[in-house]
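A.B. asks: Here you go, this is run_14.cif (mmCIF, C-alpha atoms).
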```cif
data_structure
#
loop_
_atom_site.group_PDB
_atom_site.id
_atom_site.type_symbol
_atom_site.label_atom_id
_atom_site.label_comp_id
_atom_site.auth_asym_id
_atom_site.auth_seq_id
_atom_site.Cartn_x
_atom_site.Cartn_y
_atom_site.Cartn_z
ATOM 1 C CA MET A 1 -72.492 -73.133 2.468
ATOM 2 C CA THR A 2 -73.319 -71.352 5.627
ATOM 3 C CA THR A 3 -71.957 -67.829 6.083
ATOM 4 C CA VAL A 4 -70.941 -66.922 9.587
ATOM 5 C CA VAL A 5 -71.466 -63.268 10.393
ATOM 6 C CA PRO A 6 -69.209 -62.068 13.176
ATOM 7 C CA THR A 7 -71.073 -60.321 15.932
ATOM 8 C CA ARG A 8 -69.826 -57.777 18.420
ATOM 9 C CA PRO A 9 -69.724 -59.210 21.911
ATOM 10 C CA ALA A 10 -72.288 -57.696 24.224
ATOM 11 C CA PRO A 11 -70.900 -55.420 26.898
ATOM 12 C CA THR A 12 -70.470 -57.060 30.230
ATOM 13 C CA ALA A 13 -72.647 -55.902 33.074
ATOM 14 C CA SER A 14 -71.590 -54.957 36.525
ATOM 15 C CA ALA A 15 -73.207 -56.202 39.684
ATOM 16 C CA ALA A 16 -75.535 -53.207 39.613
ATOM 17 C CA GLY A 17 -76.730 -54.087 36.122
ATOM 18 C CA LEU A 18 -74.877 -51.249 34.344
ATOM 19 C CA PRO A 19 -72.513 -51.715 31.367
ATOM 20 C CA THR A 20 -68.861 -51.762 32.347
ATOM 21 C CA ASP A 21 -67.299 -51.195 28.904
ATOM 22 C CA ARG A 22 -65.262 -47.990 28.822
ATOM 23 C CA PRO A 23 -64.392 -45.793 25.835
ATOM 24 C CA PRO A 24 -60.979 -46.299 24.275
ATOM 25 C CA ARG A 25 -58.005 -44.593 25.845
ATOM 26 C CA SER A 26 -57.681 -42.247 22.886
ATOM 27 C CA GLU A 27 -61.232 -40.990 23.404
ATOM 28 C CA ARG A 28 -60.631 -40.453 27.113
ATOM 29 C CA ARG A 29 -57.443 -38.560 26.339
ATOM 30 C CA ALA A 30 -59.293 -36.391 23.819
ATOM 31 C CA GLY A 31 -61.992 -35.655 26.385
ATOM 32 C CA VAL A 32 -59.390 -34.572 28.935
ATOM 33 C CA LEU A 33 -57.675 -32.313 26.398
ATOM 34 C CA LEU A 34 -60.965 -30.697 25.385
ATOM 35 C CA THR A 35 -61.997 -29.984 28.975
ATOM 36 C CA ALA A 36 -58.527 -28.928 30.171
ATOM 37 C CA PRO A 37 -58.850 -25.210 29.217
ATOM 38 C CA PHE A 38 -62.113 -24.900 31.119
ATOM 39 C CA LEU A 39 -60.709 -26.773 34.112
ATOM 40 C CA VAL A 40 -57.673 -24.495 34.239
ATOM 41 C CA ILE A 41 -59.841 -21.367 34.072
ATOM 42 C CA TYR A 42 -62.199 -22.824 36.672
ATOM 43 C CA LEU A 43 -59.378 -23.590 39.092
ATOM 44 C CA VAL A 44 -57.561 -20.288 38.598
ATOM 45 C CA PHE A 45 -60.500 -17.886 38.649
ATOM 46 C CA LEU A 46 -63.032 -19.663 40.890
ATOM 47 C CA VAL A 47 -61.516 -22.280 43.151
ATOM 48 C CA GLY A 48 -58.278 -20.317 43.627
ATOM 49 C CA PRO A 49 -59.896 -17.060 44.815
ATOM 50 C CA LEU A 50 -62.243 -19.067 47.036
ATOM 51 C CA LEU A 51 -59.310 -20.743 48.783
ATOM 52 C CA VAL A 52 -57.513 -17.410 49.118
ATOM 53 C CA GLY A 53 -60.655 -15.909 50.658
ATOM 54 C CA VAL A 54 -60.859 -18.744 53.170
ATOM 55 C CA VAL A 55 -57.257 -18.085 54.215
ATOM 56 C CA LEU A 56 -57.773 -14.312 54.461
ATOM 57 C CA SER A 57 -60.847 -14.771 56.630
ATOM 58 C CA PHE A 58 -58.644 -16.020 59.489
ATOM 59 C CA PHE A 59 -56.373 -12.961 59.439
ATOM 60 C CA ASN A 60 -56.774 -9.293 60.228
ATOM 61 C CA THR A 61 -55.929 -8.457 56.636
ATOM 62 C CA THR A 62 -56.208 -4.895 55.391
ATOM 63 C CA THR A 63 -56.313 -3.846 51.755
ATOM 64 C CA VAL A 64 -53.950 -0.899 52.288
ATOM 65 C CA LYS A 65 -50.995 -2.999 53.491
ATOM 66 C CA SER A 66 -49.242 -5.992 52.006
ATOM 67 C CA GLY A 67 -49.265 -9.350 53.715
ATOM 68 C CA LEU A 68 -51.870 -11.341 55.543
ATOM 69 C CA GLY A 69 -51.690 -9.381 58.767
ATOM 70 C CA GLU A 70 -52.262 -10.786 62.228
ATOM 71 C CA TRP A 71 -53.872 -14.173 62.863
ATOM 72 C CA VAL A 72 -57.290 -13.685 64.471
ATOM 73 C CA GLY A 73 -58.804 -17.151 64.080
ATOM 74 C CA LEU A 74 -62.611 -17.174 64.080
ATOM 75 C CA SER A 75 -63.038 -13.646 65.427
ATOM 76 C CA ASN A 76 -63.944 -12.310 61.963
ATOM 77 C CA TYR A 77 -66.699 -14.908 61.638
ATOM 78 C CA SER A 78 -67.926 -14.149 65.154
ATOM 79 C CA GLU A 79 -68.157 -10.470 64.296
ATOM 80 C CA VAL A 80 -69.980 -11.178 61.038
ATOM 81 C CA VAL A 81 -72.711 -13.342 62.560
ATOM 82 C CA THR A 82 -73.276 -10.827 65.377
ATOM 83 C CA ASP A 83 -73.241 -7.716 63.172
ATOM 84 C CA PRO A 84 -76.808 -6.396 62.701
ATOM 85 C CA GLN A 85 -75.747 -4.515 59.560
ATOM 86 C CA PHE A 86 -74.761 -7.786 57.905
ATOM 87 C CA TRP A 87 -78.160 -9.346 58.625
ATOM 88 C CA ASP A 88 -79.942 -6.168 57.508
ATOM 89 C CA ALA A 89 -78.070 -6.420 54.214
ATOM 90 C CA MET A 90 -78.919 -10.119 54.028
ATOM 91 C CA TRP A 91 -82.602 -9.303 54.506
ATOM 92 C CA HIS A 92 -82.393 -6.703 51.730
ATOM 93 C CA SER A 93 -81.040 -9.364 49.357
ATOM 94 C CA VAL A 94 -83.835 -11.748 50.384
ATOM 95 C CA LEU A 95 -86.442 -8.993 49.980
ATOM 96 C CA PHE A 96 -85.150 -8.224 46.497
ATOM 97 C CA THR A 97 -85.400 -11.929 45.683
ATOM 98 C CA LEU A 98 -89.006 -12.059 46.876
ATOM 99 C CA LEU A 99 -89.906 -8.961 44.867
ATOM 100 C CA THR A 100 -88.325 -10.004 41.575
ATOM 101 C CA THR A 101 -88.388 -13.805 41.334
ATOM 102 C CA PRO A 102 -92.166 -14.441 40.983
ATOM 103 C CA PRO A 103 -92.780 -11.813 38.267
ATOM 104 C CA LEU A 104 -89.630 -12.737 36.361
ATOM 105 C CA VAL A 105 -90.765 -16.371 36.206
ATOM 106 C CA VAL A 106 -94.426 -15.684 35.410
ATOM 107 C CA LEU A 107 -93.802 -12.884 32.907
ATOM 108 C CA ALA A 108 -91.103 -14.877 31.119
ATOM 109 C CA LEU A 109 -93.462 -17.848 30.773
ATOM 110 C CA ALA A 110 -96.281 -15.629 29.517
ATOM 111 C CA GLY A 111 -93.988 -13.866 27.063
ATOM 112 C CA ALA A 112 -92.626 -17.140 25.693
ATOM 113 C CA ILE A 113 -96.134 -18.518 25.200
ATOM 114 C CA LEU A 114 -97.208 -15.305 23.482
ATOM 115 C CA ALA A 115 -94.194 -15.277 21.172
ATOM 116 C CA SER A 116 -94.759 -18.927 20.255
ATOM 117 C CA ARG A 117 -98.427 -18.457 19.356
ATOM 118 C CA VAL A 118 -98.368 -15.275 17.276
ATOM 119 C CA ARG A 119 -98.499 -15.941 13.567
ATOM 120 C CA ARG A 120 -96.793 -12.768 12.392
ATOM 121 C CA GLY A 121 -93.878 -10.907 13.897
ATOM 122 C CA ARG A 122 -92.612 -13.830 15.974
ATOM 123 C CA VAL A 123 -88.963 -12.888 15.385
ATOM 124 C CA PHE A 124 -89.709 -9.293 16.366
ATOM 125 C CA TYR A 125 -91.287 -10.308 19.669
ATOM 126 C CA ARG A 126 -88.410 -12.610 20.531
ATOM 127 C CA LEU A 127 -85.851 -9.922 19.732
ATOM 128 C CA ALA A 128 -87.770 -7.242 21.637
ATOM 129 C CA PHE A 129 -88.098 -9.414 24.746
ATOM 130 C CA PHE A 130 -84.467 -10.525 24.774
ATOM 131 C CA ALA A 131 -82.696 -7.329 23.636
ATOM 132 C CA PRO A 132 -82.616 -5.538 27.043
ATOM 133 C CA TYR A 133 -80.717 -8.434 28.601
ATOM 134 C CA VAL A 134 -77.587 -7.726 26.541
ATOM 135 C CA VAL A 135 -77.457 -4.055 27.589
ATOM 136 C CA PRO A 136 -74.735 -3.380 30.226
ATOM 137 C CA SER A 137 -75.951 -2.707 33.759
ATOM 138 C CA SER A 138 -74.356 0.742 33.829
ATOM 139 C CA VAL A 139 -76.278 1.812 30.731
ATOM 140 C CA VAL A 140 -79.549 0.449 32.103
ATOM 141 C CA ALA A 141 -78.963 2.265 35.405
ATOM 142 C CA LEU A 142 -78.337 5.572 33.620
ATOM 143 C CA ILE A 143 -81.492 5.154 31.536
ATOM 144 C CA PHE A 144 -83.692 4.464 34.536
ATOM 145 C CA LEU A 145 -81.977 7.120 36.632
ATOM 146 C CA TRP A 146 -83.053 9.669 34.041
ATOM 147 C CA MET A 147 -86.537 8.170 33.845
ATOM 148 C CA TYR A 148 -86.987 8.408 37.639
ATOM 149 C CA THR A 149 -85.584 11.932 38.003
ATOM 150 C CA PRO A 150 -88.247 14.255 39.507
ATOM 151 C CA GLU A 151 -89.709 16.999 37.312
ATOM 152 C CA ILE A 152 -87.930 15.943 34.119
ATOM 153 C CA GLY A 153 -88.084 12.137 34.157
ATOM 154 C CA LEU A 154 -90.469 10.142 31.984
ATOM 155 C CA VAL A 155 -92.009 8.185 34.881
ATOM 156 C CA PRO A 156 -92.940 11.252 37.005
ATOM 157 C CA LYS A 157 -94.426 12.905 33.929
ATOM 158 C CA VAL A 158 -96.580 9.834 33.235
ATOM 159 C CA PHE A 159 -97.799 9.765 36.841
ATOM 160 C CA GLY A 160 -98.583 13.468 36.704
ATOM 161 C CA ALA A 161 -100.385 13.150 33.378
ATOM 162 C CA VAL A 162 -102.841 10.604 34.792
ATOM 163 C CA GLY A 163 -103.314 12.525 38.038
ATOM 164 C CA LEU A 164 -101.498 10.092 40.344
ATOM 165 C CA PRO A 165 -99.098 11.129 43.116
ATOM 166 C CA VAL A 166 -95.513 10.721 42.015
ATOM 167 C CA PRO A 167 -93.541 8.288 44.226
ATOM 168 C CA ASP A 168 -90.112 9.356 45.405
ATOM 169 C CA PHE A 169 -88.272 6.643 43.510
ATOM 170 C CA LEU A 170 -84.789 7.801 44.453
ATOM 171 C CA GLY A 171 -85.344 9.296 47.907
ATOM 172 C CA SER A 172 -87.517 6.849 49.853
ATOM 173 C CA THR A 173 -87.169 3.215 50.823
ATOM 174 C CA SER A 174 -90.426 2.021 49.279
ATOM 175 C CA GLY A 175 -89.849 4.081 46.150
ATOM 176 C CA GLY A 176 -86.302 2.771 45.875
ATOM 177 C CA TRP A 177 -87.445 -0.848 46.007
ATOM 178 C CA ALA A 178 -90.111 -0.133 43.404
ATOM 179 C CA ALA A 179 -87.555 1.588 41.168
ATOM 180 C CA VAL A 180 -84.973 -1.188 41.300
ATOM 181 C CA THR A 181 -87.634 -3.893 40.895
ATOM 182 C CA LEU A 182 -89.081 -2.335 37.740
ATOM 183 C CA MET A 183 -85.613 -1.819 36.348
ATOM 184 C CA THR A 184 -84.658 -5.441 37.026
ATOM 185 C CA LEU A 185 -87.847 -6.792 35.457
ATOM 186 C CA TRP A 186 -87.219 -4.904 32.233
ATOM 187 C CA TRP A 187 -83.505 -5.680 32.142
ATOM 188 C CA THR A 188 -83.280 -9.398 33.060
ATOM 189 C CA PHE A 189 -86.591 -10.620 31.666
ATOM 190 C CA GLY A 190 -84.955 -11.884 28.465
ATOM 191 C CA PHE A 191 -82.833 -14.660 29.985
ATOM 192 C CA ASN A 192 -85.766 -16.595 31.433
ATOM 193 C CA PHE A 193 -87.732 -15.850 28.273
ATOM 194 C CA VAL A 194 -85.102 -17.618 26.150
ATOM 195 C CA LEU A 195 -85.128 -20.685 28.408
ATOM 196 C CA TYR A 196 -88.914 -20.964 28.177
ATOM 197 C CA THR A 197 -88.883 -20.357 24.424
ATOM 198 C CA ALA A 198 -86.418 -23.198 23.887
ATOM 199 C CA ALA A 199 -88.513 -25.510 26.066
ATOM 200 C CA ILE A 200 -91.733 -24.656 24.221
ATOM 201 C CA GLN A 201 -90.115 -25.477 20.885
ATOM 202 C CA ASP A 202 -89.416 -29.003 22.177
ATOM 203 C CA VAL A 203 -93.120 -29.692 22.778
ATOM 204 C CA PRO A 204 -94.325 -31.932 19.884
ATOM 205 C CA PRO A 205 -96.874 -30.153 17.638
ATOM 206 C CA ASP A 206 -98.852 -33.389 17.423
ATOM 207 C CA VAL A 207 -99.900 -32.931 21.037
ATOM 208 C CA TYR A 208 -101.548 -29.593 20.265
ATOM 209 C CA GLU A 209 -103.131 -30.957 17.092
ATOM 210 C CA ALA A 210 -104.673 -33.863 18.977
ATOM 211 C CA ALA A 211 -105.952 -31.504 21.661
ATOM 212 C CA ALA A 212 -107.459 -29.217 19.020
ATOM 213 C CA ILE A 213 -109.223 -32.160 17.403
ATOM 214 C CA ASP A 214 -110.699 -33.037 20.804
ATOM 215 C CA GLY A 215 -112.061 -29.500 21.068
ATOM 216 C CA ALA A 216 -109.464 -27.884 23.345
ATOM 217 C CA GLY A 217 -109.111 -24.151 22.808
ATOM 218 C CA PRO A 218 -105.884 -22.121 23.070
ATOM 219 C CA TRP A 219 -106.306 -21.408 26.777
ATOM 220 C CA GLN A 220 -107.054 -25.061 27.563
ATOM 221 C CA GLN A 221 -104.004 -26.135 25.568
ATOM 222 C CA ILE A 222 -101.808 -23.716 27.499
ATOM 223 C CA ARG A 223 -103.256 -24.735 30.851
ATOM 224 C CA HIS A 224 -103.304 -28.505 30.388
ATOM 225 C CA ILE A 225 -100.424 -29.084 27.957
ATOM 226 C CA THR A 226 -97.880 -26.264 27.807
ATOM 227 C CA VAL A 227 -97.610 -25.388 31.493
ATOM 228 C CA PRO A 228 -97.416 -28.999 32.782
ATOM 229 C CA LEU A 229 -94.832 -29.993 30.158
ATOM 230 C CA LEU A 230 -92.677 -27.009 31.179
ATOM 231 C CA GLY A 231 -92.494 -28.147 34.798
ATOM 232 C CA ARG A 232 -88.792 -29.066 34.687
ATOM 233 C CA THR A 233 -87.939 -25.837 32.895
ATOM 234 C CA THR A 234 -89.856 -23.870 35.509
ATOM 235 C CA SER A 235 -87.860 -25.556 38.261
ATOM 236 C CA LEU A 236 -84.614 -24.658 36.493
ATOM 237 C CA VAL A 237 -85.689 -21.061 35.864
ATOM 238 C CA LEU A 238 -86.836 -20.680 39.466
ATOM 239 C CA ILE A 239 -83.600 -21.825 41.092
ATOM 240 C CA LEU A 240 -81.456 -19.846 38.644
ATOM 241 C CA GLN A 241 -83.522 -16.736 39.284
ATOM 242 C CA ILE A 242 -83.352 -17.150 43.067
ATOM 243 C CA LEU A 243 -79.573 -17.478 42.974
ATOM 244 C CA ALA A 244 -79.216 -14.534 40.592
ATOM 245 C CA SER A 245 -81.462 -12.322 42.735
ATOM 246 C CA LEU A 246 -79.608 -13.227 45.929
ATOM 247 C CA LYS A 247 -76.397 -12.028 44.241
ATOM 248 C CA VAL A 248 -77.825 -8.624 43.318
ATOM 249 C CA PHE A 249 -75.357 -5.762 43.328
ATOM 250 C CA ASP A 250 -75.066 -3.788 40.085
ATOM 251 C CA GLN A 251 -78.475 -2.209 39.733
ATOM 252 C CA ILE A 252 -78.924 -1.280 43.386
ATOM 253 C CA TYR A 253 -75.412 0.130 43.691
ATOM 254 C CA LEU A 254 -75.605 2.151 40.478
ATOM 255 C CA LEU A 255 -79.173 3.359 40.915
ATOM 256 C CA LEU A 256 -79.431 3.933 44.670
ATOM 257 C CA ALA A 257 -75.967 3.273 46.146
ATOM 258 C CA GLY A 258 -77.747 1.313 48.872
ATOM 259 C CA GLY A 259 -79.724 4.352 49.959
ATOM 260 C CA PRO A 260 -81.530 6.061 51.327
ATOM 261 C CA ASP A 261 -79.632 5.543 54.586
ATOM 262 C CA GLN A 262 -78.543 2.023 53.538
ATOM 263 C CA SER A 263 -82.159 0.840 53.529
ATOM 264 C CA THR A 264 -81.686 -0.974 50.205
ATOM 265 C CA ARG A 265 -78.054 -2.085 50.542
ATOM 266 C CA PRO A 266 -77.717 -5.800 49.626
ATOM 267 C CA VAL A 267 -75.212 -8.113 51.230
ATOM 268 C CA ILE A 268 -72.723 -7.987 48.350
ATOM 269 C CA GLU A 269 -72.598 -4.200 48.604
ATOM 270 C CA TYR A 270 -72.055 -4.595 52.354
ATOM 271 C CA ILE A 271 -69.105 -6.892 51.627
ATOM 272 C CA TYR A 272 -67.785 -4.388 49.084
ATOM 273 C CA ASP A 273 -68.058 -1.512 51.542
ATOM 274 C CA THR A 274 -66.284 -3.342 54.349
ATOM 275 C CA GLY A 275 -63.567 -4.802 52.149
ATOM 276 C CA PHE A 276 -62.767 -1.896 49.824
ATOM 277 C CA THR A 277 -64.141 1.200 51.539
ATOM 278 C CA SER A 278 -63.304 0.358 55.154
ATOM 279 C CA TYR A 279 -60.229 -1.594 53.961
ATOM 280 C CA ARG A 280 -61.048 -4.614 56.161
ATOM 281 C CA GLY A 281 -60.069 -7.373 53.773
ATOM 282 C CA GLY A 282 -60.091 -10.189 56.307
ATOM 283 C CA TYR A 283 -63.508 -9.274 57.655
ATOM 284 C CA GLY A 284 -64.878 -8.875 54.130
ATOM 285 C CA ALA A 285 -63.523 -12.336 53.245
ATOM 286 C CA ALA A 286 -65.250 -13.837 56.298
ATOM 287 C CA ALA A 287 -68.530 -12.169 55.328
ATOM 288 C CA THR A 288 -68.112 -13.540 51.806
ATOM 289 C CA ILE A 289 -67.607 -17.085 53.089
ATOM 290 C CA VAL A 290 -70.693 -16.828 55.301
ATOM 291 C CA TYR A 291 -72.726 -15.609 52.349
ATOM 292 C CA PHE A 292 -71.277 -18.370 50.170
ATOM 293 C CA VAL A 293 -72.436 -20.948 52.718
ATOM 294 C CA VAL A 294 -75.937 -19.435 52.594
ATOM 295 C CA ILE A 295 -76.009 -19.702 48.791
ATOM 296 C CA VAL A 296 -74.815 -23.310 48.897
ATOM 297 C CA ALA A 297 -77.443 -24.125 51.542
ATOM 298 C CA VAL A 298 -80.200 -22.673 49.365
ATOM 299 C CA SER A 299 -79.000 -24.683 46.361
ATOM 300 C CA ALA A 300 -78.735 -27.885 48.400
ATOM 301 C CA ALA A 301 -82.198 -27.399 49.892
ATOM 302 C CA TRP A 302 -83.716 -26.872 46.461
ATOM 303 C CA TYR A 303 -81.922 -29.920 45.082
ATOM 304 C CA GLY A 304 -83.199 -32.006 47.972
ATOM 305 C CA LEU A 305 -86.760 -30.829 47.460
ATOM 306 C CA ARG A 306 -86.620 -31.537 43.736
ATOM 307 C CA ARG A 307 -85.118 -34.987 44.306
ATOM 308 C CA ARG A 308 -87.809 -35.849 46.848
ATOM 309 C CA ALA A 309 -90.559 -34.591 44.537
ATOM 310 C CA THR A 310 -89.150 -36.601 41.625
ATOM 311 C CA GLY A 311 -88.882 -39.718 43.754
ATOM 312 C CA THR A 312 -92.429 -39.262 45.033
ATOM 313 C CA ALA A 313 -93.740 -38.760 41.507
ATOM 314 C CA ALA A 314 -91.952 -41.868 40.335
#
```
In structure tokens, how does this file's structure come out?

C.D. replies:
Amino acid sequence: MTTVVPTRPAPTASAAGLPTDRPPRSERRAGVLLTAPFLVIYLVFLVGPLLVGVVLSFFNTTTVKSGLGEWVGLSNYSEVVTDPQFWDAMWHSVLFTLLTTPPLVVLALAGAILASRVRRGRVFYRLAFFAPYVVPSSVVALIFLWMYTPEIGLVPKVFGAVGLPVPDFLGSTSGGWAAVTLMTLWWTFGFNFVLYTAAIQDVPPDVYEAAAIDGAGPWQQIRHITVPLLGRTTSLVLILQILASLKVFDQIYLLLAGGPDQSTRPVIEYIYDTGFTSYRGGYGAAATIVYFVVIVAVSAAWYGLRRRATGTAA
């Protein structure tokens, strides 16, 4: 007697060659319910304020009076794009990005490789590298403000002990950029370090064992195996770091307040000053939208470059 085993029908294929079977309605409903809280928060706290900002940017809104104010059309945008202070602040944000992005990527990669190759104290290294990232920005600013204080600060004392001239970290433009860069490197290093550490753990150990059998030393393994296999992670870390650096505000505002003479003021601090210090809410909203467009353009350009590189490689 022949036993007939029922088989599940194969999913039908669309014209593009992709399966067209869909999950059951109950699964789709469960997915909607699970994502609903996030979608509500996303719409209320991100999309909602963005739409309100777009509306305010067309009015002469002030933050000391209720209501939208007088309709001014595109005059706020015209003033923003012709204001040299806005572009100076934009350049300061770009300069901060150029100063911090390369070392934060390279140092995070080096730290992750170091922490993955030590035989003892691996947990200690990982904790030590990541711990500063969870410290609030205000606390970090107070720590470094004390360290940079002339005469009594730790950094001036170290410079004086080795016979080097002490930079004016808090009173000069070059010293201010050096101060905020060093502070940012110490504070935000841990985030990129965690991303690289997770990526390194996904590299199969068999690859290193085979390389060691072929006579590859630690440096050759890092150069020819670890770094190439972390290419996608490096791309992710790089774009995330660029976007984070372009949005700098906390450390510069708390440490230098944009000084001296607004020579370190980033664009977000400029928007804050115009919107909440000069009480020009409509103009501040227009400046925010312009800056938002710049951020989106940077993200789109990076996505296009990555897509082209992936297509070329394929």

A.B. asks: For this structure, which residues satisfy the selection - the PyMOL selection byres ((chain A and resi 144) around 9) - when it is evaluated on the file as given? I want them as a PyMOL selection string.

C.D. replies: chain A and resi 139-143+145-149+153+179-180+183+255

A.B. asks: Once the PyMOL selection byres ((chain A and resi 306) around 12) has been applied to the shown file, what residues remain in the selection, as a PyMOL selection string?

C.D. replies: chain A and resi 231-232+234-236+238-239+299-305+307-313

A.B. asks: List the residues selected by the PyMOL selection byres ((chain A and resi 229) around 12) in the file shown, writing them as a VMD selection string.

C.D. replies: chain A and resid 196 199 to 204 207 to 208 221 to 228 230 to 235

A.B. asks: Please provide as a list of chain:residue names all residues within 12 Å of A:Ala131, with the sequence filter that same-chain residues fewer than 6 positions apart are discarded (counting all atoms listed in the file).

C.D. replies: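 The contact residues come out as A:Val123, A:Phe124, A:Tyr125, A:Val140, A:Trp186, A:Trp187, A:Thr188, A:Phe189, A:Gly190, A:Phe191, A:Phe193, A:Val194.
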
A.B. asks: Okay, now the selection with C-alpha atoms, as a JSON list (two decimals), in the coordinates of the input?

C.D. replies:
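And here's out_33.json as it stands now:
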```json
[["chain", "number", "residue", "atom", "x", "y", "z"],
["A", 123, "VAL", "CA", -88.96, -12.89, 15.38],
["A", 124, "PHE", "CA", -89.71, -9.29, 16.37],
["A", 125, "TYR", "CA", -91.29, -10.31, 19.67],
["A", 140, "VAL", "CA", -79.55, 0.45, 32.10],
["A", 186, "TRP", "CA", -87.22, -4.90, 32.23],
["A", 187, "TRP", "CA", -83.50, -5.68, 32.14],
["A", 188, "THR", "CA", -83.28, -9.40, 33.06],
["A", 189, "PHE", "CA", -86.59, -10.62, 31.67],
["A", 190, "GLY", "CA", -84.96, -11.88, 28.46],
["A", 191, "PHE", "CA", -82.83, -14.66, 29.98],
["A", 193, "PHE", "CA", -87.73, -15.85, 28.27],
["A", 194, "VAL", "CA", -85.10, -17.62, 26.15]]
```

A.B. asks: Please, what distance in Å, to one decimal, runs between atom CA of A:Gln241 and atom CA of A:Thr101?

C.D. replies: 6.0 Å

A.B. asks: Which residues are close to A:Tyr272, i.e. within 12 Å by only C-alpha atoms, leaving aside same-chain residues fewer than 4 positions away? Reply as number ranges by chain.

C.D. replies: A: 63, 86, 89, 249-250, 253, 257-258, 265-268, 276-281, 283-285, 287-288

A.B. asks: Please save C-alpha atoms of the selected residues as a PDB file, in the coordinates of the input.

C.D. replies:
```
ATOM      1  CA  THR A  63     -56.313  -3.846  51.755  1.00  0.00           C
ATOM      2  CA  PHE A  86     -74.761  -7.786  57.905  1.00  0.00           C
ATOM      3  CA  ALA A  89     -78.070  -6.420  54.214  1.00  0.00           C
ATOM      4  CA  PHE A 249     -75.357  -5.762  43.328  1.00  0.00           C
ATOM      5  CA  ASP A 250     -75.066  -3.788  40.085  1.00  0.00           C
ATOM      6  CA  TYR A 253     -75.412   0.130  43.691  1.00  0.00           C
ATOM      7  CA  ALA A 257     -75.967   3.273  46.146  1.00  0.00           C
ATOM      8  CA  GLY A 258     -77.747   1.313  48.872  1.00  0.00           C
ATOM      9  CA  ARG A 265     -78.054  -2.085  50.542  1.00  0.00           C
ATOM     10  CA  PRO A 266     -77.717  -5.800  49.626  1.00  0.00           C
ATOM     11  CA  VAL A 267     -75.212  -8.113  51.230  1.00  0.00           C
ATOM     12  CA  ILE A 268     -72.723  -7.987  48.350  1.00  0.00           C
ATOM     13  CA  PHE A 276     -62.767  -1.896  49.824  1.00  0.00           C
ATOM     14  CA  THR A 277     -64.141   1.200  51.539  1.00  0.00           C
ATOM     15  CA  SER A 278     -63.304   0.358  55.154  1.00  0.00           C
ATOM     16  CA  TYR A 279     -60.229  -1.594  53.961  1.00  0.00           C
ATOM     17  CA  ARG A 280     -61.048  -4.614  56.161  1.00  0.00           C
ATOM     18  CA  GLY A 281     -60.069  -7.373  53.773  1.00  0.00           C
ATOM     19  CA  TYR A 283     -63.508  -9.274  57.655  1.00  0.00           C
ATOM     20  CA  GLY A 284     -64.878  -8.875  54.130  1.00  0.00           C
ATOM     21  CA  ALA A 285     -63.523 -12.336  53.245  1.00  0.00           C
ATOM     22  CA  ALA A 287     -68.530 -12.169  55.328  1.00  0.00           C
ATOM     23  CA  THR A 288     -68.112 -13.540  51.806  1.00  0.00           C
TER      24      THR A 288
END
```

A.B. asks: Which distance in Å separates atom CA of A:Trp71 and atom CA of A:Phe59, to one decimal?

C.D. replies: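 Computed distance, atom CA of A:Trp71 to atom CA of A:Phe59, equals 4.4 Å.
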
A.B. asks: So that I can see what lies close to stretch 164-173 of chain A, please list as a ChimeraX atom specification the residues with an atom at most 7 Å from it, counting all atoms listed in the file and leaving out residues fewer than 6 positions away in the same chain.

C.D. replies: /A:148,156,179,256,260,263-264

A.B. asks: Kindly save the residues from that selection, with C-alpha atoms included, as a PDB file, keeping the file's coordinate frame.

C.D. replies:
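Output file result_37.pdb is given in full below:
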```pdb
ATOM      1  CA  TYR A 148     -86.987   8.408  37.639  1.00  0.00           C
ATOM      2  CA  PRO A 156     -92.940  11.252  37.005  1.00  0.00           C
ATOM      3  CA  ALA A 179     -87.555   1.588  41.168  1.00  0.00           C
ATOM      4  CA  LEU A 256     -79.431   3.933  44.670  1.00  0.00           C
ATOM      5  CA  PRO A 260     -81.530   6.061  51.327  1.00  0.00           C
ATOM      6  CA  SER A 263     -82.159   0.840  53.529  1.00  0.00           C
ATOM      7  CA  THR A 264     -81.686  -0.974  50.205  1.00  0.00           C
TER       8      THR A 264
END
```

A.B. asks: What does the distance between atom CA of A:Thr181 and atom CA of A:Phe96 come to in Å, to one decimal place?

C.D. replies: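 It comes out at 7.5 Å.
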
A.B. asks: Restricting the calculation to only C-alpha atoms: of A:Ile252, A:Ala30, A:Leu243, A:Leu50, which residue gets closest to A:Thr97?

C.D. replies: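 So, comparing all the options, the nearest one is A:Leu243.
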
A.B. asks: For A:Leu185, which residue out of A:Leu246, A:Val158, A:Val44, A:Val105 is the nearest one, using only C-alpha atoms?

C.D. replies: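 Answer, going by the shortest atom-to-atom distance: A:Val105.
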
A.B. asks: Considering all atoms listed in the file, can you say which of A:Leu51, A:Ser93, A:Glu269, A:Phe45 comes closest to A:Val294?

C.D. replies: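 Counting all atoms listed in the file, the residue closest to A:Val294 is A:Ser93.
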